[in-house]
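**Student:** Questions regarding the structure given below will be posed in turn.
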Amino acid sequence: MSTKQLFDNTEIAFSLKSNSELNRAFLLFKMISYEPLVKVGKTLTNFAIKANLPVDSVIRATVFDHFCGGVNEKDCLPVIDAMYEKGVSSVLDFSVEGKEVESFFDSAMQKTLEIIEFSQNKEAMPIAVFKPTGFGKPYLYEKKSEGQLFTADEQEQWNRIEERYDRVCKLAKEKDVELLIDAEESWMQQAVDDLVTNMMQKYNTEKPIVYNTLQMYRHDRMAFVKAQLEHAKANGYYLGYKIVRGAYMEKENERAIKKGYPTPICESKAATDENFNAAAKFILDHLDTISLFAGTHNEASSYLILDLMKEKGIAKNDNRVWFGQLYGMSDHISFNLAHLGYNVAKYVPFGPVKDVLPYLIRRAEENTSVAGQTGRELMLLTKEKARRKS
């Protein structure tokens, strides 16, 4: 098999799926491929939840079990253990969103601390994650990013955000669990970047523990990471970056038009792809200072990183290079890479069924909008179903 066909092995890709799970995945992606159906499904689901209809069991048996590991950490253990037997690690992601009260931010921090404790000494779970707006109100990140002054009450809230970051980063270092901090929309990201840089400077003194996220559909991110490298070298600390293409394109472009400023988003999909690949190459060129978590479902970018690793003599299992995909998607990339000995981690969302629904709806919408993603999944699932029948 040529290198450029290694993601085509469906026997390895779907080795954990029973025939019924394979059929469920096929039906799910078939439904997701129809955009009108996704929109109707979103409306009906939101109505059912608001009306307190008993839909948990239906959601749990279909879309939830495909894209989520369980309702709590222990519920995820069978998924974590099964994947790790195939060489794929897990990043437990508490995927409850949209609650803007201090008690929720404290509980989200507590949950992240528990996940770090839960992950300690578990080879299957070397990485944890949290979302910045899980730790504080979005408008505070926005005001901070724009350099606006806080009221006394806002300053107190911001101080608590900083304390939450510090507590989880400190524990991550103590427990030797790498910590990915997700990205937000551009109008909030400056505040996130500044906070995470402070955490890196404080806790990445021996090696990268704290990782920031670069959304490479932003045309300014290459300049950002180059400046960060100079700052890290000058101040004696390490960098960790998860690179992704990005998650808020429509929202970013709409806001730029509405407010009359140039969009921060690259002019085309091709430009975004080039930017992502340039970031991967830059990080691999500076692996002595920067570690890479390549969060991608893109086969071409994955192949490029494999080629660069080979060219530079970087070992497949070098802990400074990880590949990451979402649970329930791109198993052909995750499991085939792991089979060859590369470091691979799946983001495994979890949480109460109703609370995780916004995440699930977003997954469905993203699969519908990403050209070729759903078609590729369907083609591979069809191929594996045929292989099992032959």
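Scheme for the structure tokens: letters A, B, ... for chains in order shown; per-chain residue numbers from 1; ligand numbers from 1 in order shown.
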Mind checking which residues fall within 12 Å of Ala271 in chain A, counting only C-alpha atoms, ignoring those fewer than 4 positions away in the same chain, and posting them as a PyMOL selection string?

**Tutor:** chain A and resi 216-219+245+265-267+275-278

**Student:** Could you pull the residues within 10 Å of Thr213 in chain A, counting only C-alpha atoms, minus those fewer than 2 positions along the same chain, as an mmCIF file with C-alpha atoms, in the first residue's frame?

**Tutor:**
```cif
data_model
loop_
_atom_site.group_PDB
_atom_site.id
_atom_site.type_symbol
_atom_site.label_atom_id
_atom_site.label_comp_id
_atom_site.auth_asym_id
_atom_site.auth_seq_id
_atom_site.Cartn_x
_atom_site.Cartn_y
_atom_site.Cartn_z
ATOM 1 C CA LEU A 180 -5.286 22.086 25.747
ATOM 2 C CA ILE A 181 -7.089 25.435 25.961
ATOM 3 C CA ASP A 182 -9.592 25.880 23.146
ATOM 4 C CA ALA A 183 -9.931 28.983 20.972
ATOM 5 C CA GLU A 184 -12.782 31.483 20.897
ATOM 6 C CA GLN A 189 -9.177 35.694 21.548
ATOM 7 C CA VAL A 192 -7.376 34.338 25.882
ATOM 8 C CA ASP A 193 -3.974 34.553 24.177
ATOM 9 C CA VAL A 196 -2.568 31.449 28.109
ATOM 10 C CA TYR A 211 -1.277 24.475 24.996
ATOM 11 C CA GLN A 215 -7.384 28.801 14.375
ATOM 12 C CA MET A 216 -5.546 28.869 11.070
ATOM 13 C CA GLY A 240 2.437 24.107 23.015
ATOM 14 C CA TYR A 241 -0.040 24.682 20.186
ATOM 15 C CA LYS A 242 -3.058 22.856 18.983
ATOM 16 C CA ILE A 243 -3.607 23.915 15.384
ATOM 17 C CA VAL A 244 -7.048 23.708 13.814
ATOM 18 C CA GLY A 246 -11.321 27.061 12.729
ATOM 19 C CA PHE A 293 -1.172 18.941 18.527
ATOM 20 C CA ALA A 294 -2.549 18.773 14.973
ATOM 21 C CA GLY A 295 -6.327 18.855 15.307
#
```

**Student:** Please identify all polymer residues within 9 Å of Leu304 in chain A, counting only C-alpha atoms, omitting same-chain residues fewer than 4 positions from it, and present them as a VMD selection string.

**Tutor:** chain A and resid 277 280 to 281 299 to 300 308 to 309

**Student:** For the atom pair CA of Arg164 in chain A and CA of Thr151 in chain A, what is the interatomic distance in Å to one decimal place?

**Tutor:**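 Going from CA of Arg164 in chain A over to CA of Thr151 in chain A, I get 19.9 Å.
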
**Student:** Which residues in range 186-338 of chain A does DSSP call strand (DSSP E)? List them as a PyMOL selection string.

**Tutor:** chain A and resi 210-215+239-244+290-295+321-326

**Student:** Mind dumping the selected residues with C-alpha atoms as an mmCIF file, in the first residue's frame?

**Tutor:**
```
data_model
loop_
_atom_site.group_PDB
_atom_site.id
_atom_site.type_symbol
_atom_site.label_atom_id
_atom_site.label_comp_id
_atom_site.auth_asym_id
_atom_site.auth_seq_id
_atom_site.Cartn_x
_atom_site.Cartn_y
_atom_site.Cartn_z
ATOM 1 C CA VAL A 210 -0.225 24.287 28.671
ATOM 2 C CA TYR A 211 -1.277 24.475 24.996
ATOM 3 C CA ASN A 212 -2.996 27.375 23.256
ATOM 4 C CA THR A 213 -5.146 26.848 20.129
ATOM 5 C CA LEU A 214 -4.441 28.495 16.774
ATOM 6 C CA GLN A 215 -7.384 28.801 14.375
ATOM 7 C CA LEU A 239 5.208 26.564 23.794
ATOM 8 C CA GLY A 240 2.437 24.107 23.015
ATOM 9 C CA TYR A 241 -0.040 24.682 20.186
ATOM 10 C CA LYS A 242 -3.058 22.856 18.983
ATOM 11 C CA ILE A 243 -3.607 23.915 15.384
ATOM 12 C CA VAL A 244 -7.048 23.708 13.814
ATOM 13 C CA ILE A 290 7.187 24.240 20.378
ATOM 14 C CA SER A 291 5.107 21.055 20.636
ATOM 15 C CA LEU A 292 2.348 20.294 18.135
ATOM 16 C CA PHE A 293 -1.172 18.941 18.527
ATOM 17 C CA ALA A 294 -2.549 18.773 14.973
ATOM 18 C CA GLY A 295 -6.327 18.855 15.307
ATOM 19 C CA VAL A 321 3.793 15.630 18.000
ATOM 20 C CA TRP A 322 0.164 14.517 18.355
ATOM 21 C CA PHE A 323 -2.685 14.058 15.909
ATOM 22 C CA GLY A 324 -6.235 14.687 17.110
ATOM 23 C CA GLN A 325 -9.735 14.050 15.798
ATOM 24 C CA LEU A 326 -13.214 14.185 17.279
#
```

**Student:** For Glu384 in chain A, list every protein, DNA or RNA residue within 10 Å, evaluated using only C-alpha atoms, and leave out those in the same chain fewer than 4 positions away; present the list as a ChimeraX atom specification.

**Tutor:** /A:9-15,19,22,378-380,388-390

**Student:** Pick the closest to Asp75 in chain A from A:Ile161, A:Leu92, A:Ser145, A:Gln228: which is it, counting only C-alpha atoms?

**Tutor:**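 Going through A:Ile161, A:Leu92, A:Ser145, A:Gln228 one by one, the smallest distance to Asp75 in chain A is for A:Leu92.
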
**Student:** DSSP on the backbone: which residues in range 134-172 of chain A end up as alpha helix (DSSP H)? Give the answer as number ranges by chain.

**Tutor:** A: 138-145, 152-172

**Student:** Have a look at A:Lys258, A:Asp285, A:Val91, A:Lys86 and name the one nearest to Cys68 in chain A; count only C-alpha atoms.

**Tutor:**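 Between A:Lys258, A:Asp285, A:Val91, A:Lys86, the residue approaching Cys68 in chain A most closely is A:Val91.
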
**Student:** May I ask which of the residues A:Ser186, A:Arg255, A:Lys144, A:Ile283 is the closest one to Met222 in chain A, counting only C-alpha atoms?

**Tutor:**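 The closest residue to Met222 in chain A is A:Ile283.
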
**Student:** Pick out the residues sitting within 7 Å of Ile116 in chain A, and hand them over as a count of residues only; count only C-alpha atoms, and ignore anything fewer than 6 positions along from it in its own chain.

**Tutor:** 3

**Student:** Restricting the calculation to only C-alpha atoms, which member of A:Leu77, A:Lys122, A:Ala345, A:Tyr327 is positioned closest to Leu360 in chain A?

**Tutor:**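 The answer is A:Tyr327, which sits nearest to Leu360 in chain A.
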
**Student:** Rank A:Gly313, A:Gly341, A:Pro208, A:Pro358 by their smallest atom-to-atom distance to Ala232 in chain A, using only C-alpha atoms, and report the top residue only.

**Tutor:**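 So, comparing all the options, the nearest one is A:Pro208.
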
**Student:** Rounded to one decimal, what separation in Å do you get between CA of Gly328 in chain A and CA of Glu123 in chain A?

**Tutor:** 21.1 Å

**Student:** Which of these residues is nearest to Lys17 in chain A, using only C-alpha atoms: A:Asp331, A:Asp288, A:Gly351, A:Gly260?

**Tutor:**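 For Lys17 in chain A, the nearest of the candidates is A:Asp331.
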